[in-house]
Protein chains: 2
Amino acid sequence: MPNIDEIAKICKVSKTTVSRVLNNHPYVSEEKRKKILDVIKELDYSPNSLARHLRTNKTRTIAISIPSIDHPFFSQLTKGISNQAFDQGYKVLIYQTFYKKEIELETINLLKNKEIDGVILCSLENEWSTLEPYLAYGPILLCNEYHESAPIPIICYDEFKATYIAVKHLIQRGHTNIGFCFDTFYSQAQAERMKGFSLALKEENLLVHTEWIFDRAFDIKDGFNIFKKLDGMAEKPTAIFTGSDQVAAGIIKEAISRNYHVPKDLAVIGFDNQLICQVTTPTITSIGIPIFELGRKSVQKILENIQHDENIEREVIQLPFELIIREST
Amino acid sequence: MPNIDEIAKICKVSKTTVSRVLNNHPYVSEEKRKKILDVIKELDYSPNSLARHLRTNKTRTIAISIPSIDHPFFSQLTKGISNQAFDQGYKVLIYQTFYKKEIELETINLLKNKEIDGVILCSLENEWSTLEPYLAYGPILLCNEYHESAPIPIICYDEFKATYIAVKHLIQRGHTNIGFCFDTFYSQAQAERMKGFSLALKEENLLVHTEWIFDRAFDIKDGFNIFKKLDGMAEKPTAIFTGSDQVAAGIIKEAISRNYHVPKDLAVIGFDNQLICQVTTPTITSIGIPIFELGRKSVQKILENIQHDENIEREVIQLPFELIIREST
DNA sequence: GTGAAAGCGCTAACAC
DNA sequence: GTGTTAGCGCTTTCAC
């Protein structure tokens, strides 16, 4: 692979001039520009990005951290992010935390050693106070998560209200014994959901039964297990907020095979409005989230910051959601 | 952010010594090593990766190209790849081609401008002859695709045989009118499937009905549409090989709602054995593929090559698959 | 319009 | 065991 010196030598110009052509700077005579372009093509020369990045102190790369890519929600979010980044000429490094603090730290540390220009956190494993010092090294953005005080852009939707509305819907259907699933304790977004759930019940003077609350509810298999636990209880809920279409699908399938009628014996509401809602029997009532938009908006925001070198500031952008009623409630 | 010179200055040593400590080289006195480590910690110093990469001509980064991340197969494959890479201290850049040649080229071009140490192609959009020249710049590996002559490692499974067995299974169930779905014309892996399908039919003196062959079959919605087309035909197949669990789920759901009995009126076989096979009614017969393993093995292979700087050579590694019979056939 | 020279931050050959 | 020096390949200031 030739380098810029070689091109310069062959063209009998300085490497400055070659660099000017490479970067579309003005003030290069048409003649030389043409010659240089020709030689570049002939030698199949491509500038070394590493050297450029070192020199300019920019990498045109961002990193994202997600719990795990093989979850429909996060794979769609990643699609949105990756798409938008690509369109803007940015590369995306993907980090799966599997809910581990250290991997999140490793991701954010890329800022410090200059491997990326910014990072989008799609979940939050560490205390914000642990992460905040890294702001000195580059922009951090929260997507699909929430923190009440972090001085950074937060692209999310109102998890509190979405859950509130979902649970109200169950109550309107006549249910008073309602269960609740979530994934981890540490997420503030999940805490918001819990608040929405509690308020909806409280307003109707209904009680939160702690034994009907299930954590680590993530995929279809978790749905199977949750139903089994449920079915073994003396007193059972007649409706359940699952927080996930996959969990809903698992619960429904298991319920149906044990001859439950859904929604009569057990009403189930999903979350995210994935396509899977449309192929189960019965189909799944869910909350529709603009997932791609969440991703796109996040990239847009962080690139504004990177490109204009603005100070990152707190800004909470909530995207709309909607209740989509199907057969499972 | 301090740099290596600053650390050296404070410690009253040369930057070589600091570099030695940074890279765990021997021959540094315990005393100096300790001092240097202390100062590094105190100043919260982190070496600039870009400079290191430029100097060493290695990035510890690989890129993968996939058609689209929001497809369960590819998100699981990405998980396997990303996991293994992370464990080995490598970063992963993700490129979605959306079946476009140019994006695949852009991915592979990262080799040329030194941004990555190797690339794993999980689909193939360009002619191999277009891609082959890039081998001069670094290792390329094919995962989940096939090419009959490319001189590179190919990590795959026997798509021909898997399809053959799936179709034979349908025939054993008494079907003689069998449809076929696939995603794109250009994939050799898909061509292998078509061969397996054809052979299975041919061996039983059955005909391939071209009107029962559907391309662009990728997700649940495609399944809906394929069923609608099918249902509108004068002569209909009684069984269909879908090549995808999502497509199978879509076809089944649509069939059920039009009062078809699955598998009596229409038998449906999926592919990949995703969890979705277990939540539809009826559940979906499928071909199980070791997806994570496919990803892990690919990374293992390409890192062997990167780290030992071996010549890349043709090697076809086929992983096992299995037929998993459920209710839809 | 163009080029010389400095330098981004690091590693590694070599000398001592 | 340690330091000096060169240089990875580029961009950018400054002078002409």
# chains A, B, ... in the order shown; residues from 1 in each chain; ligands from 1
call {"tool": "interface_residues", "arguments": {"of": "chain C", "to": "chain B", "cutoff": "7 Å", "atoms": "only C-alpha atoms (C1' of nucleotides)", "output": "list in words"}}
result
DG9, DC10 and DT11 of chain C
call {"tool": "interface_residues", "arguments": {"of": "chain D", "to": "chain B", "cutoff": "12 Å", "atoms": "only C-alpha atoms (C1' of nucleotides)", "output": "PyMOL selection string"}}
result
chain D and resi 1-5+7-10
call {"tool": "atom_distance", "arguments": {"atom1": "CA of Ile213 in chain B", "atom2": "CA of Ile287 in chain B"}}
result
19.3 Å
call {"tool": "atom_distance", "arguments": {"atom1": "CA of Met194 in chain B", "atom2": "CA of Thr176 in chain B"}}
result
16.6 Å
call {"tool": "interface_residues", "arguments": {"of": "chain A", "to": "chain B", "cutoff": "7 Å", "atoms": "only C-alpha atoms", "output": "ChimeraX atom specification"}}
result
/A:46-51,53-54,69-70,72,75-76,79,91-94,112-115,220,249-250,253,275,279-281
call {"tool": "select_by_dssp", "arguments": {"residues": "range 82-131 of chain B", "states": "helix (DSSP H, G or I)", "output": "list in words"}}
result
Ser82, Asn83, Gln84, Ala85, Phe86, Asp87, Lys101, Glu102, Ile103, Glu104, Leu105, Glu106, Thr107, Ile108, Asn109, Leu110, Leu111, Lys112, Trp128, Ser129, Thr130 and Leu131 of chain B
call {"tool": "write_last_selection", "arguments": {"atoms": "C-alpha atoms", "output": "short mmCIF file (atom, residue, chain, number, x, y, z; two decimals), in the first residue's frame"}}
result
data_model
loop_
_atom_site.label_atom_id
_atom_site.label_comp_id
_atom_site.auth_asym_id
_atom_site.auth_seq_id
_atom_site.Cartn_x
_atom_site.Cartn_y
_atom_site.Cartn_z
CA SER B 82 -19.51 -9.94 19.41
CA ASN B 83 -19.19 -12.17 22.46
CA GLN B 84 -16.25 -14.10 21.22
CA ALA B 85 -14.52 -11.01 19.92
CA PHE B 86 -14.96 -9.24 23.23
CA ASP B 87 -13.56 -12.20 25.13
CA LYS B 101 -23.37 -4.00 -2.95
CA GLU B 102 -21.91 -0.60 -2.11
CA ILE B 103 -22.27 -1.01 1.62
CA GLU B 104 -20.54 -4.36 1.47
CA LEU B 105 -17.71 -2.71 -0.44
CA GLU B 106 -17.53 0.09 2.06
CA THR B 107 -17.21 -2.46 4.84
CA ILE B 108 -14.45 -4.38 3.19
CA ASN B 109 -12.71 -1.15 2.28
CA LEU B 110 -12.05 -0.59 5.97
CA LEU B 111 -9.31 -3.17 5.53
CA LYS B 112 -7.66 -1.03 2.96
CA TRP B 128 -16.39 -12.73 -5.27
CA SER B 129 -14.10 -11.47 -7.99
CA THR B 130 -14.93 -7.93 -6.89
CA LEU B 131 -14.05 -8.69 -3.29
#
call {"tool": "atom_distance", "arguments": {"atom1": "CA of Leu170 in chain B", "atom2": "CA of Thr329 in chain B"}}
result
6.9 Å
call {"tool": "residues_around", "arguments": {"residues": "DA6 in chain C", "least_positions_apart": "6", "cutoff": "12 Å", "atoms": "only C-alpha atoms (C1' of nucleotides)", "output": "count of residues only"}}
result
4
call {"tool": "residues_around", "arguments": {"residues": "Gly288 in chain B", "least_positions_apart": "6", "cutoff": "9 Å", "atoms": "only C-alpha atoms (C1' of nucleotides)", "output": "number ranges by chain"}}
result
B: 271-274, 320-324
call {"tool": "write_last_selection", "arguments": {"atoms": "C-alpha atoms", "output": "mmCIF file, in the first residue's frame"}}
result
data_model
loop_
_atom_site.group_PDB
_atom_site.id
_atom_site.type_symbol
_atom_site.label_atom_id
_atom_site.label_comp_id
_atom_site.auth_asym_id
_atom_site.auth_seq_id
_atom_site.Cartn_x
_atom_site.Cartn_y
_atom_site.Cartn_z
ATOM 1 C CA PHE B 271 -35.806 -22.700 9.561
ATOM 2 C CA ASP B 272 -33.364 -21.744 12.377
ATOM 3 C CA ASN B 273 -35.441 -23.077 15.261
ATOM 4 C CA GLN B 274 -35.967 -19.734 16.930
ATOM 5 C CA PRO B 320 -24.217 -29.676 12.286
ATOM 6 C CA PHE B 321 -27.949 -28.981 12.069
ATOM 7 C CA GLU B 322 -30.995 -30.943 13.157
ATOM 8 C CA LEU B 323 -34.624 -31.406 12.219
ATOM 9 C CA ILE B 324 -36.945 -30.535 15.074
#
call {"tool": "residues_around", "arguments": {"residues": "Leu303 in chain A", "least_positions_apart": "2", "cutoff": "10 Å", "atoms": "only C-alpha atoms (C1' of nucleotides)", "output": "PyMOL selection string"}}
result
chain A and resi 60+62+85+88+90+117-118+139+297-301+305-309
